[in-house]
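One structure is given below, encoded as structure tokens.
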Amino acid sequence: MIATRRGLAILAVVNLLLLSLFVVDRRDAPGLVDRALVAGLDVASVTALRWDDGGKPVLGIARQSPGEGAEEATPWRFTAPAYGDVEAAAIANLLATLRGARWHRRDAAAAAGPHPRSLVITAGGHDHVLAFGRVLDGGEQVWLVSGDDAILVDAWVARALDPGALGLVIRRPFEGAARAPIVVGDRHLDGAPRRLQPSGVIVAASVAAELEQALEALALERLVATPVPVPDALVLGVGGVRGKLGGACPGAPALVQLETSIVSGCVAAAAADRVRTAATPLTTTEVVEPRLVPVTPTRIVLADGGVLDLQKRALVDGAAADASRVAELLAVLAAPTERIADRRFDKPRGTITVDYAGGRLVLSLFADGLVRRNSEPHLFQLTDAAWAILGRPAGELRDLALWAEDPTTLARIDIDAITYQRGLVVGEWTRLPSGTADARAVERLAAQLAAPRAQAADAPTFTPRHRVTITVSPPAGPPSSHTLELGALTPKGCPARANGVRVLLDRALCTAIIALAK
């Protein structure tokens, strides 16, 4: 009985020891310990962040309004010093670090060493402090102090939590200049292509691109809480952001001050000079775009009223367009031309209207190869060759190839009431109803009719004299046919109607058809 009681006592002591060990192990057991940087922190409720050094605040930012939804969508601003707006991506990265980063191990706070710099996180009306401690040998891990514990984290976590003012501020206030209206001094640029307002002059693409790139490259190298007024500063604007560029940077005279509506600071002198240089052509004739049409046309109304549709495949007045001639026209519209001094004309000889995605350009054609664009206050001088291409009527842009077939697939040629039927042997033809035929002449005609090409489009109206129908029997697929109606033979050829379109055919083809119509 005594032995039994002694055994039970020993067993109870062992159980107590095991339980205590379980509780100790449970503190750091994987999956059971909250390894968040700040235990229980609801990142969505964070309303302010402050960085202290030696117990004194040195930098602070705050959410402007509670907002709803994802915290990254709510604007943040600097509270001390008053540098301006916080970069949305920077605050999103910092909050994501607070939400997702985890520590590797923890120890007593003394293990972190001195930790004078700290991050104060205000969330739900309470402050949570993370202090930055010593870096371990090798620099890949850093101690933080959270509450009574030192927690070991990867070095990138510490860097993300303490990015500094330049890491949080909008360093490029004019980023996006290529897609927004621009103001430089008293000059305004908007639209695509860029137009100089209020004149409406289309700005040379090279000038606009250099200005856009120069503005986007303005990056703050130093922040200024209280900008110094500069009377002769260059006024700038991109979209809704307005600013002034000029004057030595307070505390860093080698830099140039940039004061904007969202952030103020200083930029490199070379970057500021690039903006001024890029803005210079805006006050000279270099600003004018030398290409008549510096966009991709989708539709062109020609000088004679014909319509060239370029949206899917080139069609002129609904018919197929000649690819080479369309390419020549587009090349003239896109080629740099010579700008000349203004000249007055009572009335243009014609106009060409060019539609493109998002807008329209109108070219007025004057005598002597002169063109004016949308009533801009200048003229362009074209060469004789370019002027001739620009003035081509719609008919000259049509594809003069009527169709294209393999000559060996022509199985039958009907000319008026006569039928020529291909035989089983290549080059063999039978004439119906008589049964005799000049096989060589028919074979030559078959080669011509397989891929006929007109000399010109828009032939005058005519009375049909002959009707020709060819029947094509390809090796695979159903047969097809093409029809020609011919008018009287002239020295230049003969007017014809090919599949419903009036054209002028070559005299040789007309003569061959007439010879076999007898």
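To be explicit about the labels: the chains of the structure tokens are called A, B, and onward in the order shown, and within each one the residues are counted from 1, while ligands get numbers from 1 in the order they are shown.
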Practice item. List every residue of stretch 78-293 of chain A that DSSP, applied to the backbone of this structure, assigns to strand (DSSP E or B), and report them as a ChimeraX atom specification. Key: /A:78-80,84-86,102,105-108,117-123,126-135,141-146,149-154,169,182-184,187-190,195-197,201-203,220-223,234-238,241-249,252-260,263-268,288,291
Practice item. Mind checking which residues fall within 10 Å of A:Pro407, counting only C-alpha atoms, ignoring those fewer than 5 positions away in the same chain, and posting them as number ranges by chain? Key: A: 443-451, 472
Point to revise | Coordinates-based distance that separates atom CA of A:His104 from atom CA of A:Val135 (Å, one decimal) | key: 14.2 Å
Check your understanding: Could you name the residues that touch stretch 39-41 of chain A at 9 Å or less, counting only C-alpha atoms, but leaving out those on the same chain fewer than 5 positions away, as a PyMOL selection string?
Key -> chain A and resi 34+46+98-99+123+128+146
Go ahead and dump the residues you just picked, all heavy atoms, as an mmCIF file, in the first residue's frame.
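Writing the result to out-v2.cif gives the following:
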data_model
loop_
_atom_site.group_PDB
_atom_site.id
_atom_site.type_symbol
_atom_site.label_atom_id
_atom_site.label_comp_id
_atom_site.auth_asym_id
_atom_site.auth_seq_id
_atom_site.Cartn_x
_atom_site.Cartn_y
_atom_site.Cartn_z
ATOM 1 N N ASP A 34 2.620 33.182 -32.521
ATOM 2 C CA ASP A 34 2.341 34.285 -33.445
ATOM 3 C C ASP A 34 3.664 34.959 -33.787
ATOM 4 O O ASP A 34 4.270 35.639 -32.965
ATOM 5 C CB ASP A 34 1.392 35.287 -32.793
ATOM 6 C CG ASP A 34 0.998 36.405 -33.767
ATOM 7 O OD1 ASP A 34 1.520 36.399 -34.911
ATOM 8 O OD2 ASP A 34 0.189 37.270 -33.392
ATOM 9 N N VAL A 46 -4.351 50.825 -39.436
ATOM 10 C CA VAL A 46 -3.226 51.743 -39.221
ATOM 11 C C VAL A 46 -3.571 53.108 -39.807
ATOM 12 O O VAL A 46 -3.941 53.223 -40.976
ATOM 13 C CB VAL A 46 -1.935 51.194 -39.869
ATOM 14 C CG1 VAL A 46 -0.802 52.213 -39.745
ATOM 15 C CG2 VAL A 46 -1.530 49.882 -39.209
ATOM 16 N N LEU A 98 4.460 44.995 -42.811
ATOM 17 C CA LEU A 98 3.893 44.835 -41.463
ATOM 18 C C LEU A 98 2.910 43.666 -41.400
ATOM 19 O O LEU A 98 2.833 42.955 -40.398
ATOM 20 C CB LEU A 98 3.175 46.121 -41.047
ATOM 21 C CG LEU A 98 4.047 47.280 -40.569
ATOM 22 C CD1 LEU A 98 3.202 48.512 -40.337
ATOM 23 C CD2 LEU A 98 4.806 46.888 -39.297
ATOM 24 N N ARG A 99 2.187 43.470 -42.486
ATOM 25 C CA ARG A 99 1.191 42.409 -42.503
ATOM 26 C C ARG A 99 1.810 41.024 -42.690
ATOM 27 O O ARG A 99 1.415 40.059 -42.018
ATOM 28 C CB ARG A 99 0.186 42.647 -43.637
ATOM 29 C CG ARG A 99 -0.901 41.595 -43.729
ATOM 30 C CD ARG A 99 -1.662 41.652 -45.036
ATOM 31 N NE ARG A 99 -2.335 42.923 -45.240
ATOM 32 C CZ ARG A 99 -1.976 43.824 -46.140
ATOM 33 N NH1 ARG A 99 -0.920 43.601 -46.925
ATOM 34 N NH2 ARG A 99 -2.633 44.943 -46.283
ATOM 35 N N ALA A 123 -2.629 52.423 -34.586
ATOM 36 C CA ALA A 123 -3.708 51.614 -35.164
ATOM 37 C C ALA A 123 -4.785 51.419 -34.119
ATOM 38 O O ALA A 123 -4.500 51.019 -32.983
ATOM 39 C CB ALA A 123 -3.178 50.262 -35.638
ATOM 40 N N HIS A 128 1.915 51.123 -31.290
ATOM 41 C CA HIS A 128 2.749 49.926 -31.224
ATOM 42 C C HIS A 128 4.143 50.327 -31.682
ATOM 43 O O HIS A 128 4.292 50.998 -32.713
ATOM 44 C CB HIS A 128 2.201 48.815 -32.124
ATOM 45 C CG HIS A 128 0.753 48.516 -31.878
ATOM 46 N ND1 HIS A 128 0.326 47.604 -30.949
ATOM 47 C CD2 HIS A 128 -0.373 49.036 -32.450
ATOM 48 C CE1 HIS A 128 -1.001 47.558 -30.963
ATOM 49 N NE2 HIS A 128 -1.446 48.423 -31.861
ATOM 50 N N SER A 146 10.234 44.408 -30.048
ATOM 51 C CA SER A 146 8.775 44.526 -30.033
ATOM 52 C C SER A 146 8.297 44.178 -28.645
ATOM 53 O O SER A 146 8.382 43.010 -28.219
ATOM 54 C CB SER A 146 8.152 43.583 -31.067
ATOM 55 O OG SER A 146 6.736 43.660 -31.026
#
Point to revise | Residue contacts of A:Asp52 (12 Å, only C-alpha atoms) excluding same-chain residues fewer than 6 positions away, as a ChimeraX atom specification | key: /A:58-60,80,115-121,129-132,162,164
Check your understanding: Which residues, written as a list in words, have at least one atom at most 7 Å from A:Leu486, with only C-alpha atoms counted and residues fewer than 6 positions away on the same chain left out?
Key -> Pro464, Arg465, His466, Arg467, Cys494, Pro495, Ala496 and Arg497 of chain A
Exercise for review: Would you list the contacts of A:Ala512 as an NGL selection string, taking every protein, DNA or RNA residue within 8 Å and counting only C-alpha atoms, but skipping same-chain residues closer than 3 positions in sequence?
Suggested key: :A and (441 or 445 or 508-509 or 515-516)
Review point. In stretch 157-302 of chain A, what's alpha helix (DSSP H) per DSSP? Answer as a ChimeraX atom specification?
Key: /A:157-161,165-168,205-216,269-279
Check your understanding: So which residues touch A:Val371 within 9 Å, counting only C-alpha atoms, skipping near sequence neighbours fewer than 2 positions away, as a ChimeraX atom specification?
Key -> /A:292,348,363-367,369,373,378-382
File dump, residues just selected, N, CA and C atoms, as a PDB file, in the first residue's frame:
ATOM      1  N   LEU A 292       2.936  65.966 -92.625  1.00  0.00           N
ATOM      2  CA  LEU A 292       1.560  66.410 -92.817  1.00  0.00           C
ATOM      3  C   LEU A 292       0.613  65.665 -91.884  1.00  0.00           C
ATOM      4  N   PRO A 348      -8.907  77.201-101.250  1.00  0.00           N
ATOM      5  CA  PRO A 348      -8.104  76.023-101.598  1.00  0.00           C
ATOM      6  C   PRO A 348      -8.682  75.318-102.818  1.00  0.00           C
ATOM      7  N   LEU A 363      -6.470  68.619 -94.561  1.00  0.00           N
ATOM      8  CA  LEU A 363      -5.414  69.250 -95.336  1.00  0.00           C
ATOM      9  C   LEU A 363      -6.045  70.064 -96.456  1.00  0.00           C
ATOM     10  N   SER A 364      -5.716  71.341 -96.516  1.00  0.00           N
ATOM     11  CA  SER A 364      -6.192  72.199 -97.604  1.00  0.00           C
ATOM     12  C   SER A 364      -5.109  72.276 -98.660  1.00  0.00           C
ATOM     13  N   LEU A 365      -5.490  72.022 -99.928  1.00  0.00           N
ATOM     14  CA  LEU A 365      -4.539  71.987-101.040  1.00  0.00           C
ATOM     15  C   LEU A 365      -4.635  73.293-101.826  1.00  0.00           C
ATOM     16  N   PHE A 366      -3.484  73.959-101.991  1.00  0.00           N
ATOM     17  CA  PHE A 366      -3.430  75.218-102.726  1.00  0.00           C
ATOM     18  C   PHE A 366      -2.564  75.048-103.973  1.00  0.00           C
ATOM     19  N   ALA A 367      -2.426  76.111-104.719  1.00  0.00           N
ATOM     20  CA  ALA A 367      -1.613  76.068-105.936  1.00  0.00           C
ATOM     21  C   ALA A 367      -0.134  75.916-105.589  1.00  0.00           C
ATOM     22  N   GLY A 369       1.765  73.373-105.218  1.00  0.00           N
ATOM     23  CA  GLY A 369       2.188  72.309-104.319  1.00  0.00           C
ATOM     24  C   GLY A 369       2.189  72.681-102.859  1.00  0.00           C
ATOM     25  N   ARG A 373      -2.443  72.653 -92.985  1.00  0.00           N
ATOM     26  CA  ARG A 373      -3.029  71.628 -92.121  1.00  0.00           C
ATOM     27  C   ARG A 373      -3.986  72.249 -91.114  1.00  0.00           C
ATOM     28  N   HIS A 378       0.664  78.269 -91.047  1.00  0.00           N
ATOM     29  CA  HIS A 378       1.848  78.075 -91.867  1.00  0.00           C
ATOM     30  C   HIS A 378       1.510  77.108 -92.990  1.00  0.00           C
ATOM     31  N   LEU A 379       2.383  77.067 -93.990  1.00  0.00           N
ATOM     32  CA  LEU A 379       2.177  76.223 -95.159  1.00  0.00           C
ATOM     33  C   LEU A 379       3.320  75.233 -95.297  1.00  0.00           C
ATOM     34  N   PHE A 380       3.041  74.132 -96.007  1.00  0.00           N
ATOM     35  CA  PHE A 380       4.062  73.146 -96.304  1.00  0.00           C
ATOM     36  C   PHE A 380       4.234  73.072 -97.816  1.00  0.00           C
ATOM     37  N   GLN A 381       5.489  72.990 -98.246  1.00  0.00           N
ATOM     38  CA  GLN A 381       5.804  72.899 -99.670  1.00  0.00           C
ATOM     39  C   GLN A 381       6.117  71.459-100.042  1.00  0.00           C
ATOM     40  N   LEU A 382       5.355  70.902-101.009  1.00  0.00           N
ATOM     41  CA  LEU A 382       5.578  69.552-101.484  1.00  0.00           C
ATOM     42  C   LEU A 382       6.344  69.556-102.798  1.00  0.00           C
TER      43      LEU A 382
END
Review point. Closest to A:Glu216 among A:Arg422, A:Lys244, A:Arg274, A:Arg77, using only C-alpha atoms?
Key: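 Going through A:Arg422, A:Lys244, A:Arg274, A:Arg77 one by one, the smallest distance to A:Glu216 is for A:Arg274.
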Study note, to complete from the structure: A:Arg291 proximity check over A:Thr436, A:Ser473, A:Ser480, A:Thr337, using only C-alpha atoms: winner is A:Thr337
Study note, to complete from the structure: re atom CA of A:His126 and atom CA of A:Leu152: distance 23.9 Å
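If only C-alpha atoms are the atoms counted, then among A:Pro336, A:Gly124, A:Gly147, A:Gly239 the closest residue to A:Gly191 is A:Gly239.
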